[in-house]
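*Asks:* Coordinates in input.txt, compact mmCIF, C-alpha atoms, are listed below.
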# COMPACT_ATOMS: atom_id res chain seq x y z
CA MET M 1 5.05 12.90 3.79
CA ASP M 2 3.06 10.05 2.26
CA ILE M 3 0.24 11.07 0.00
CA ASP M 4 -2.58 8.53 -0.34
CA SER M 5 -5.28 8.54 -2.94
CA ASP M 6 -8.58 10.01 -1.85
CA PHE M 7 -10.43 7.47 -3.95
CA GLN M 8 -9.45 4.71 -1.54
CA LYS M 9 -11.42 6.51 1.18
CA MET M 10 -14.65 6.33 -0.83
CA ASN M 11 -16.58 3.06 -0.92
CA ILE M 12 -17.63 3.21 -4.57
CA ALA M 13 -17.66 -0.43 -5.70
CA PRO M 14 -20.05 -1.71 -3.03
CA GLN M 15 -22.41 1.11 -3.83
CA GLN M 16 -22.52 0.12 -7.48
CA GLN M 17 -23.29 -3.45 -6.51
CA GLN M 18 -26.05 -2.24 -4.24
CA VAL M 19 -27.57 -0.25 -7.06
CA GLY M 20 -27.37 -3.26 -9.34
CA ALA M 21 -28.90 -5.45 -6.66
CA SER M 22 -31.98 -3.29 -6.56
CA SER M 23 -33.10 -4.33 -10.06
CA VAL M 24 -36.33 -6.34 -10.36
CA PRO M 25 -37.34 -8.52 -13.36
CA MET M 26 -39.98 -7.04 -15.66
CA ASP M 27 -41.77 -10.33 -16.39
CA ALA M 28 -43.67 -10.53 -13.06
CA GLU M 29 -47.17 -11.90 -13.18
CA LYS M 30 -50.15 -9.57 -12.95
CA ASP M 31 -51.36 -11.12 -9.71
CA ASP M 32 -48.08 -10.35 -7.99
CA SER M 33 -47.80 -6.77 -9.35
CA ALA M 34 -48.56 -5.18 -5.97
CA VAL M 35 -45.95 -7.33 -4.21
CA VAL M 36 -43.36 -6.55 -6.87
CA LYS M 37 -44.10 -2.82 -6.67
CA GLY M 38 -43.69 -2.84 -2.91
CA LYS M 39 -40.42 -4.73 -3.21
CA GLU M 40 -39.15 -2.24 -5.76
CA THR M 41 -39.94 0.63 -3.42
CA GLU M 42 -38.12 -1.04 -0.52
CA ASP M 43 -35.12 -1.81 -2.69
CA LEU M 44 -34.98 1.78 -3.94
CA ASN M 45 -35.17 3.21 -0.44
CA GLY M 46 -32.47 0.85 0.78
CA SER M 47 -30.20 1.68 -2.13
CA MET M 48 -30.64 5.41 -1.62
CA GLU M 49 -29.77 5.13 2.06
CA LYS M 50 -26.69 3.05 1.35
CA LEU M 51 -25.49 5.54 -1.25
CA ASN M 52 -25.07 8.25 1.39
CA ILE M 53 -21.37 8.88 2.00
CA GLU M 54 -20.53 9.71 5.58
CA GLU M 55 -18.59 12.93 6.05
CA SER M 56 -15.50 12.94 8.25
CA SER M 57 -16.09 15.00 11.35
CA SER M 58 -13.06 16.31 13.24
CA SER M 59 -13.38 17.82 16.68
CA PHE M 60 -12.07 21.34 17.16
CA LYS M 61 -8.92 21.61 19.29
CA LYS M 62 -7.89 24.64 21.36
CA LYS M 63 -4.21 23.74 21.00
CA PRO M 64 -1.95 24.25 19.17
CA VAL M 65 -2.30 27.84 17.99
CA ILE M 66 -1.53 28.29 14.29
CA ILE M 67 0.65 31.35 13.51
CA ILE M 68 0.65 32.15 9.77
CA VAL M 69 3.48 34.59 9.03
CA VAL M 70 3.03 36.80 5.95
CA GLY M 71 4.91 39.88 4.83
CA MET M 72 6.22 41.88 1.92
CA ALA M 73 9.43 40.81 0.20
CA GLY M 74 12.37 42.20 2.14
CA SER M 75 10.47 42.77 5.37
CA GLY M 76 12.57 40.16 7.20
CA LYS M 77 9.89 37.49 7.32
CA THR M 78 12.22 34.47 7.11
CA THR M 79 14.59 35.96 9.68
CA PHE M 80 11.61 36.64 11.92
CA MET M 81 10.56 33.00 11.57
CA HIS M 82 14.08 31.96 12.55
CA ARG M 83 13.83 34.11 15.67
CA LEU M 84 10.44 32.57 16.55
CA VAL M 85 11.86 29.06 16.27
CA ALA M 86 14.86 30.01 18.41
CA HIS M 87 12.60 31.61 21.01
CA THR M 88 10.44 28.50 21.29
CA HIS M 89 13.53 26.35 21.87
CA GLN M 90 14.92 28.80 24.40
CA ARG M 91 11.70 29.01 26.43
CA ASN M 92 10.88 25.28 26.12
CA ILE M 93 7.77 26.06 24.10
CA ARG M 94 6.56 23.10 22.10
CA GLY M 95 6.55 24.31 18.52
CA TYR M 96 6.02 22.79 15.09
CA VAL M 97 7.46 24.43 11.97
CA MET M 98 6.01 24.33 8.46
CA ASN M 99 7.52 25.80 5.29
CA LEU M 100 5.21 26.68 2.39
CA ASP M 101 7.79 28.44 0.20
CA PRO M 102 8.77 26.01 -2.60
CA ALA M 103 11.33 28.38 -4.15
CA VAL M 104 13.56 28.97 -1.13
CA LEU M 105 17.01 27.40 -1.52
CA THR M 106 18.05 27.17 2.13
CA LEU M 107 16.24 27.77 5.40
CA PRO M 108 17.98 29.09 8.54
CA PHE M 109 15.73 26.84 10.63
CA GLY M 110 14.58 23.24 10.47
CA ALA M 111 11.08 22.53 9.18
CA ASN M 112 8.99 19.60 10.35
CA ILE M 113 6.83 19.80 7.21
CA ASP M 114 8.45 21.22 4.09
CA ILE M 115 6.65 21.72 0.77
CA ARG M 116 9.95 21.12 -1.01
CA ASP M 117 9.86 17.47 0.10
CA THR M 118 6.61 16.95 -1.81
CA VAL M 119 6.68 19.36 -4.77
CA LYS M 120 9.78 20.09 -6.85
CA TYR M 121 9.60 23.75 -7.80
CA LYS M 122 11.97 23.62 -10.78
CA GLU M 123 10.33 20.50 -12.19
CA VAL M 124 6.96 22.25 -12.06
CA MET M 125 8.41 25.17 -14.01
CA LYS M 126 9.84 22.87 -16.67
CA GLN M 127 6.79 20.66 -16.99
CA PHE M 128 4.23 23.48 -17.25
CA ASN M 129 6.49 26.07 -18.94
CA LEU M 130 6.01 28.60 -16.14
CA GLY M 131 7.96 31.51 -14.77
CA PRO M 132 9.07 31.94 -11.14
CA ASN M 133 5.76 33.28 -9.82
CA GLY M 134 3.70 30.81 -11.83
CA GLY M 135 5.86 27.97 -10.58
CA ILE M 136 5.39 29.01 -6.94
CA LEU M 137 1.63 29.34 -7.39
CA THR M 138 1.27 25.99 -9.15
CA SER M 139 3.44 24.25 -6.53
CA LEU M 140 1.28 25.69 -3.78
CA ASN M 141 -1.87 24.56 -5.61
CA LEU M 142 -0.55 21.02 -5.91
CA PHE M 143 0.37 20.95 -2.23
CA ALA M 144 -3.06 22.28 -1.22
CA THR M 145 -4.82 19.36 -2.90
CA LYS M 146 -3.51 17.04 -0.16
CA PHE M 147 -3.51 19.49 2.72
CA ASP M 148 -6.02 17.41 4.66
CA GLU M 149 -3.22 14.95 5.32
CA VAL M 150 -1.13 17.77 6.80
CA ILE M 151 -4.02 18.58 9.14
CA ASN M 152 -4.20 14.92 10.16
CA VAL M 153 -0.48 14.89 10.99
CA ILE M 154 -0.84 17.96 13.20
CA GLU M 155 -3.97 16.55 14.85
CA LYS M 156 -2.07 13.44 15.91
CA ARG M 157 0.51 15.64 17.64
CA ALA M 158 -1.92 18.26 18.94
CA ASP M 159 -1.51 17.23 22.59
CA GLN M 160 2.26 17.65 22.32
CA LEU M 161 2.31 21.10 20.68
CA ASP M 162 1.70 24.70 21.74
CA TYR M 163 2.26 26.55 18.46
CA VAL M 164 2.53 25.76 14.77
CA LEU M 165 4.69 28.30 12.92
CA VAL M 166 3.85 28.57 9.20
CA ASP M 167 6.22 30.33 6.81
CA THR M 168 4.64 31.51 3.55
CA PRO M 169 6.15 32.40 0.14
CA GLY M 170 8.02 35.69 -0.19
CA GLN M 171 5.53 36.87 -2.83
CA ILE M 172 2.75 37.78 -0.43
CA GLU M 173 0.04 38.02 -3.08
CA ILE M 174 0.59 34.37 -4.07
CA PHE M 175 -0.60 33.22 -0.66
CA THR M 176 -3.09 35.88 0.39
CA TRP M 177 -4.99 36.21 -2.90
CA SER M 178 -4.81 32.69 -4.33
CA ALA M 179 -7.25 29.82 -4.03
CA SER M 180 -4.60 27.58 -2.48
CA GLY M 181 -3.87 30.17 0.21
CA ALA M 182 -7.56 30.38 1.07
CA ILE M 183 -7.81 26.57 1.23
CA ILE M 184 -4.83 26.30 3.55
CA THR M 185 -6.02 29.13 5.80
CA GLU M 186 -9.57 27.76 6.08
CA ALA M 187 -8.26 24.25 6.73
CA PHE M 188 -6.23 25.54 9.65
CA ALA M 189 -8.99 27.80 10.99
CA SER M 190 -11.59 25.05 10.92
CA THR M 191 -9.49 22.80 13.16
CA PHE M 192 -7.27 25.00 15.36
CA PRO M 193 -7.19 28.60 16.62
CA THR M 194 -5.46 30.51 13.82
CA VAL M 195 -3.77 33.92 13.91
CA VAL M 196 -2.26 35.81 10.97
CA THR M 197 0.93 37.81 11.60
CA TYR M 198 1.76 40.58 9.15
CA VAL M 199 5.44 41.56 9.24
CA VAL M 200 6.08 45.26 8.52
CA ASP M 201 9.42 46.76 7.53
CA THR M 202 9.66 49.55 10.14
CA PRO M 203 12.47 51.67 8.59
CA ARG M 204 10.69 51.82 5.23
CA SER M 205 7.38 52.68 6.88
CA ALA M 206 8.79 55.97 8.19
CA SER M 207 7.23 57.60 5.13
CA PRO M 208 3.51 58.27 5.69
CA VAL M 209 2.64 57.04 2.19
CA THR M 210 4.50 53.75 2.65
CA PHE M 211 2.99 53.35 6.10
CA MET M 212 -0.50 53.82 4.67
CA SER M 213 0.22 51.23 1.94
CA ASN M 214 1.19 48.67 4.58
CA MET M 215 -1.92 49.43 6.64
CA LEU M 216 -4.17 49.04 3.61
CA TYR M 217 -2.62 45.68 2.84
CA ALA M 218 -3.02 44.60 6.45
CA CYS M 219 -6.67 45.64 6.32
CA SER M 220 -7.21 43.64 3.14
CA ILE M 221 -5.65 40.54 4.73
CA LEU M 222 -7.90 40.94 7.77
CA TYR M 223 -11.09 41.07 5.73
CA LYS M 224 -9.90 38.40 3.27
CA THR M 225 -9.00 35.79 5.88
CA ARG M 226 -11.53 36.85 8.58
CA LEU M 227 -9.00 35.86 11.23
CA PRO M 228 -7.29 37.76 14.06
CA LEU M 229 -4.38 39.85 12.81
CA VAL M 230 -1.22 40.88 14.65
CA LEU M 231 1.09 43.56 13.24
CA ALA M 232 4.78 42.83 13.86
CA PHE M 233 6.89 45.93 13.23
CA ASN M 234 10.21 44.27 12.45
CA LYS M 235 13.75 45.74 12.48
CA THR M 236 13.25 47.81 15.62
CA ASP M 237 17.01 47.55 16.14
CA VAL M 238 17.35 49.89 13.12
CA ALA M 239 14.34 52.17 13.71
CA GLN M 240 11.93 52.24 16.64
CA HIS M 241 8.26 51.67 15.94
CA GLU M 242 6.81 54.23 18.36
CA PHE M 243 6.12 56.66 15.53
CA ALA M 244 3.87 54.04 13.87
CA LEU M 245 1.94 53.43 17.09
CA GLU M 246 1.52 57.17 17.54
CA TRP M 247 0.21 57.55 13.99
CA MET M 248 -2.29 54.77 14.61
CA GLU M 249 -3.51 56.25 17.90
CA ASP M 250 -3.45 59.99 17.11
CA PHE M 251 -5.00 61.12 13.86
CA GLU M 252 -3.68 64.70 14.11
CA THR M 253 -0.09 63.53 14.44
CA PHE M 254 -0.39 61.53 11.25
CA GLN M 255 -2.04 64.49 9.53
CA ALA M 256 0.90 66.68 10.48
CA ALA M 257 3.33 64.12 9.05
CA VAL M 258 1.35 63.86 5.83
CA SER M 259 1.23 67.66 5.42
CA GLU M 260 5.00 67.72 5.09
CA ASP M 261 4.70 65.62 1.94
CA HIS M 262 3.57 67.74 -1.00
CA SER M 263 3.11 64.92 -3.50
CA TYR M 264 -0.21 64.12 -5.16
CA THR M 265 -0.60 61.00 -2.99
CA SER M 266 -0.63 62.98 0.26
CA THR M 267 -4.27 64.00 -0.21
CA LEU M 268 -5.35 60.40 -0.75
CA THR M 269 -3.30 59.25 2.25
CA GLU M 270 -4.92 61.90 4.42
CA SER M 271 -8.40 60.75 3.41
CA LEU M 272 -7.60 57.07 3.94
CA SER M 273 -6.34 57.73 7.45
CA LEU M 274 -9.89 58.68 8.44
CA VAL M 275 -11.25 55.46 7.00
CA LEU M 276 -8.74 53.26 8.84
CA ASP M 277 -9.25 54.92 12.21
CA GLU M 278 -11.74 52.23 13.28
CA PHE M 279 -9.44 49.54 11.89
CA TYR M 280 -6.61 50.68 14.18
CA LYS M 281 -8.72 50.38 17.33
CA ASN M 282 -9.18 46.61 17.04
CA LEU M 283 -5.63 45.84 15.91
CA ARG M 284 -2.77 44.45 18.00
CA SER M 285 0.66 45.82 17.18
CA VAL M 286 4.06 44.91 18.63
CA GLY M 287 7.62 45.94 17.84
CA VAL M 288 10.09 43.12 17.34
CA SER M 289 13.66 42.64 16.19
CA ALA M 290 14.48 39.44 14.35
CA ILE M 291 18.19 40.05 14.92
CA THR M 292 18.31 40.82 18.64
CA GLY M 293 15.14 39.00 19.67
CA ALA M 294 13.61 42.07 21.32
CA GLY M 295 9.83 42.05 21.69
CA MET M 296 9.34 38.27 21.42
CA ASP M 297 7.58 38.00 24.77
CA ALA M 298 5.18 40.80 23.85
CA PHE M 299 4.55 39.12 20.51
CA PHE M 300 3.52 35.80 22.08
CA LYS M 301 1.28 37.65 24.54
CA ALA M 302 -0.45 39.28 21.58
CA ILE M 303 -0.80 35.85 19.98
CA GLU M 304 -2.44 34.41 23.11
CA ALA M 305 -4.86 37.36 23.28
CA SER M 306 -5.69 36.90 19.60
CA ALA M 307 -6.29 33.18 20.14
CA GLU M 308 -8.76 33.97 22.93
CA GLU M 309 -10.45 36.50 20.65
CA TYR M 310 -10.64 33.82 17.96
CA MET M 311 -12.45 31.44 20.32
CA ALA M 312 -14.84 34.17 21.45
CA THR M 313 -15.64 35.91 18.15
CA TYR M 314 -14.13 34.45 15.01
CA LYS M 315 -15.01 30.81 15.68
CA ALA M 316 -18.72 31.66 15.96
CA ASP M 317 -18.60 33.39 12.58
CA LEU M 318 -16.67 30.45 11.12
CA ASP M 319 -19.22 27.97 12.46
CA GLN M 320 -22.05 30.00 10.96
CA ARG M 321 -20.37 30.09 7.56
CA ARG M 322 -19.68 26.37 7.78
CA LYS M 323 -23.34 25.63 8.59
CA GLU M 324 -24.43 27.69 5.60
CA LYS M 325 -21.99 25.83 3.39
CA ASP M 326 -23.19 22.48 4.74
CA ARG M 327 -26.80 23.52 4.16
CA LEU M 328 -26.12 24.36 0.53
CA GLU M 329 -24.19 21.12 0.09
CA GLU M 330 -27.05 19.17 1.64
CA GLU M 331 -29.55 20.79 -0.71
CA ARG M 332 -27.38 19.97 -3.69
CA ARG M 333 -27.00 16.38 -2.49
CA ARG M 334 -30.74 16.00 -2.00
CA GLU M 335 -31.43 17.29 -5.49
CA THR M 336 -28.94 14.81 -6.91
CA MET M 337 -30.36 11.91 -4.93
CA GLU M 338 -33.93 12.85 -5.88
CA LYS M 339 -32.95 12.92 -9.52
CA LEU M 340 -31.30 9.53 -9.14
CA ARG M 341 -34.41 8.18 -7.42
CA LYS M 342 -36.64 9.32 -10.28
CA ASP M 343 -34.30 7.79 -12.85
CA MET M 344 -34.30 4.48 -10.99
CA GLU M 345 -38.09 4.48 -10.73
CA GLN M 346 -38.43 5.16 -14.44
CA SER M 347 -35.96 2.45 -15.39
CA ARG M 348 -37.65 -0.05 -12.98
CA GLY M 349 -34.40 -1.92 -12.48
CA GLU M 350 -33.52 -2.25 -16.17
CA ASN M 351 -30.10 -1.44 -17.54
CA VAL M 352 -30.01 2.14 -18.77
CA VAL M 353 -27.74 3.10 -21.66
CA LEU M 354 -26.27 6.54 -21.17
CA SER M 355 -26.34 8.75 -24.24
CA THR M 356 -22.81 10.09 -24.62
CA GLY M 357 -23.25 11.28 -28.18
CA LEU M 358 -20.68 8.85 -29.56
CA LYS M 359 -23.32 6.48 -30.91
CA ASP M 360 -25.11 9.29 -32.70
CA ASN M 361 -21.85 10.44 -34.24
CA GLU M 362 -21.08 6.91 -35.43
CA GLU M 363 -24.52 6.52 -37.00
CA ARG M 364 -24.23 9.93 -38.63
CA SER M 365 -20.78 9.14 -40.06
CA LYS M 366 -22.04 5.72 -41.25
CA ALA M 367 -24.99 7.35 -43.01
CA MET M 368 -22.66 9.82 -44.72
CA MET M 369 -20.41 6.98 -45.88
CA ASP M 370 -23.44 5.13 -47.28
CA GLU M 371 -24.50 8.24 -49.17
CA ASP M 372 -21.01 8.60 -50.66
CA GLU M 373 -21.05 4.96 -51.73
CA ASP M 374 -24.47 5.40 -53.37
CA GLU M 375 -23.22 8.44 -55.27
CA GLU M 376 -20.17 6.50 -56.48
CA LEU M 377 -22.37 3.60 -57.62
CA ASP M 378 -24.68 5.97 -59.49
CA GLY M 379 -21.67 7.51 -61.25
CA ASP M 380 -20.40 4.06 -62.28
CA GLU M 381 -23.82 3.08 -63.62
CA GLU M 382 -23.94 6.23 -65.74
CA ILE M 383 -20.50 5.47 -67.19
CA ILE M 384 -21.51 1.87 -67.95
CA THR M 385 -24.73 3.04 -69.61
CA GLU M 386 -22.83 5.45 -71.88
CA ASP M 387 -20.40 2.69 -72.89
CA GLU M 388 -23.26 0.30 -73.71
CA ASP M 389 -24.96 2.95 -75.84
CA ASP M 390 -21.77 3.44 -77.85
CA GLU M 391 -21.47 -0.32 -78.43
CA ASP M 392 -25.09 -0.58 -79.54
CA SER M 393 -24.69 2.26 -81.97
CA ASN M 394 -21.57 0.68 -83.44
CA PHE M 395 -23.35 -2.63 -83.81
CA LEU M 396 -26.28 -1.04 -85.55
CA PHE M 397 -24.03 0.77 -87.91
Take the structure in the file and write it out as structure tokens.
*Replies:*
Amino acid sequence: MDIDSDFQKMNIAPQQQQVGASSVPMDAEKDDSAVVKGKETEDLNGSMEKLNIEESSSSFKKKPVIIIVVGMAGSGKTTFMHRLVAHTHQRNIRGYVMNLDPAVLTLPFGANIDIRDTVKYKEVMKQFNLGPNGGILTSLNLFATKFDEVINVIEKRADQLDYVLVDTPGQIEIFTWSASGAIITEAFASTFPTVVTYVVDTPRSASPVTFMSNMLYACSILYKTRLPLVLAFNKTDVAQHEFALEWMEDFETFQAAVSEDHSYTSTLTESLSLVLDEFYKNLRSVGVSAITGAGMDAFFKAIEASAEEYMATYKADLDQRRKEKDRLEEERRRETMEKLRKDMEQSRGENVVLSTGLKDNEERSKAMMDEDEDEELDGDEEIITEDEDDEDSNFLF
């Protein structure tokens, strides 16, 4: 993937020439002062209008649907991604695969866009003296700086795609709670319908405490991303997920399961189950097996329903947040332009020397050097005076 410089997209040089062209000589005659003042005002207004940088506006597309797959380490997330890719090929579904894990050595599936082609994970660790987690986070941050180009690539192929499958790093907190993860998620959600899939290890969730931990993390992802969430109970070939669905639907059944655990965490788990009761009602859950491929059809049906919910509910909230952000940005831009206008009116077209503090430091250091030289000269004069007095006394004697 070619990465171009963003500075080439900004027309800076012509703007500077336009600002310089707005200068007016100060030696105008008194009779023509009104004409000169009017010309200055016109030049200022023209320069301010030309300084406005047009923002790139991209139209929202209903296809493809972005599926961001997240999950705890060991939950079978990569194997689940492999099954999704195989299912799309089997059903002639037009899919596009993206890998965002820079530390993975080999992938069981082919990726159309791979972060490893752009950022070298081991080189990042060596250059910045980082550990494994720090290297993954820094690599993801570097990749996120040019993620607008990834969006442009997908936009060009939007008419030819149905789904975009996104695999995230195995360390779930690196993606869900980092700035780069938020940038990538918002970039997707602002252009395409986006759904987050949280992969749950079903056999390990048989314990009520572990199940509650997974539900709390799923709830945090939902409120962090503000996107539709689908729970994928993986490894149903090892343990069926009906017990989890029953716990989510029937509070008393979960209470009975928690009562069998006499640890100190059982009381907290019992209290949290009441809090998450409303969270369960608006959550889509499916049981899948990444090995056998069971539940794939139900999973894609849940994705389609979540995409429709995104268009009906989440997109309106996203548009409102974007308008608020644009309003604040517009206010900040107006304040900056108004300040620039005042500075240009005060300078009246003259060249303005910016005070960086370097000149003051040079003058201060020069003054200190002059003082040291004066002190040295005074010391030499005193020595010469003492020597002359000794000579005079010897001559008199």
*Asks:* Compare M:Ala305, M:Ala158, M:Ile66, M:Leu107 by their minimum atom-to-atom distance to Thr185 in chain M, counting all atoms listed in the file, and give me the closest one.
*Replies:*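 Selected residue with least distance to Thr185 in chain M: M:Ile66.
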*Asks:* Show which residues sit within 12 Å of Ala256 in chain M, as a ChimeraX atom specification. Count all atoms listed in the file, and ignore same-chain residues fewer than 3 positions away.
*Replies:* /M:208,246-247,250-253,259-262,266,269-270,273
*Asks:* Of the residues M:Glu249, M:Glu338, M:Asp237, M:Glu242, which is the one nearest to Asn282 in chain M, using only C-alpha atoms?
*Replies:* M:Glu249
*Asks:* Taking only C-alpha atoms into account, which of M:Arg284, M:Lys126, M:Lys323, M:Arg332 comes nearest Val195 in chain M?
*Replies:*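 For Val195 in chain M, the nearest of the candidates is M:Arg284.
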*Asks:* Calculated over all atoms listed in the file, which of the candidates M:Tyr198, M:Phe80, M:Phe188, M:Phe109 has the smallest distance to Ser285 in chain M?
*Replies:* M:Tyr198
*Asks:* Closest to Asp167 in chain M among M:Val238, M:Leu84, M:Leu245, M:Cys219, using only C-alpha atoms?
*Replies:* M:Leu84
*Asks:* Within 12 Å of Glu123 in chain M, counting all atoms listed in the file, which residues qualify if same-chain residues fewer than 3 places away don't, as a PDB file with C-alpha atoms, keeping the file's coordinate frame?
*Replies:*
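And here's around_15.pdb as it stands now:
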ATOM      1  CA  PRO M 102       8.770  26.010  -2.600  1.00  0.00           C
ATOM      2  CA  ALA M 103      11.330  28.380  -4.150  1.00  0.00           C
ATOM      3  CA  ARG M 116       9.950  21.120  -1.010  1.00  0.00           C
ATOM      4  CA  THR M 118       6.610  16.950  -1.810  1.00  0.00           C
ATOM      5  CA  VAL M 119       6.680  19.360  -4.770  1.00  0.00           C
ATOM      6  CA  LYS M 120       9.780  20.090  -6.850  1.00  0.00           C
ATOM      7  CA  LYS M 126       9.840  22.870 -16.670  1.00  0.00           C
ATOM      8  CA  GLN M 127       6.790  20.660 -16.990  1.00  0.00           C
ATOM      9  CA  PHE M 128       4.230  23.480 -17.250  1.00  0.00           C
ATOM     10  CA  ASN M 129       6.490  26.070 -18.940  1.00  0.00           C
ATOM     11  CA  LEU M 130       6.010  28.600 -16.140  1.00  0.00           C
ATOM     12  CA  GLY M 131       7.960  31.510 -14.770  1.00  0.00           C
ATOM     13  CA  PRO M 132       9.070  31.940 -11.140  1.00  0.00           C
ATOM     14  CA  GLY M 135       5.860  27.970 -10.580  1.00  0.00           C
ATOM     15  CA  ILE M 136       5.390  29.010  -6.940  1.00  0.00           C
ATOM     16  CA  THR M 138       1.270  25.990  -9.150  1.00  0.00           C
ATOM     17  CA  SER M 139       3.440  24.250  -6.530  1.00  0.00           C
TER      18      SER M 139
END
*Asks:* Could you check which of M:Ala182, M:Ile113, M:Val69, M:Ala294 is closest to Val153 in chain M, using only C-alpha atoms?
*Replies:*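 When distances to Val153 in chain M are compared using only C-alpha atoms, the smallest one comes from M:Ile113.
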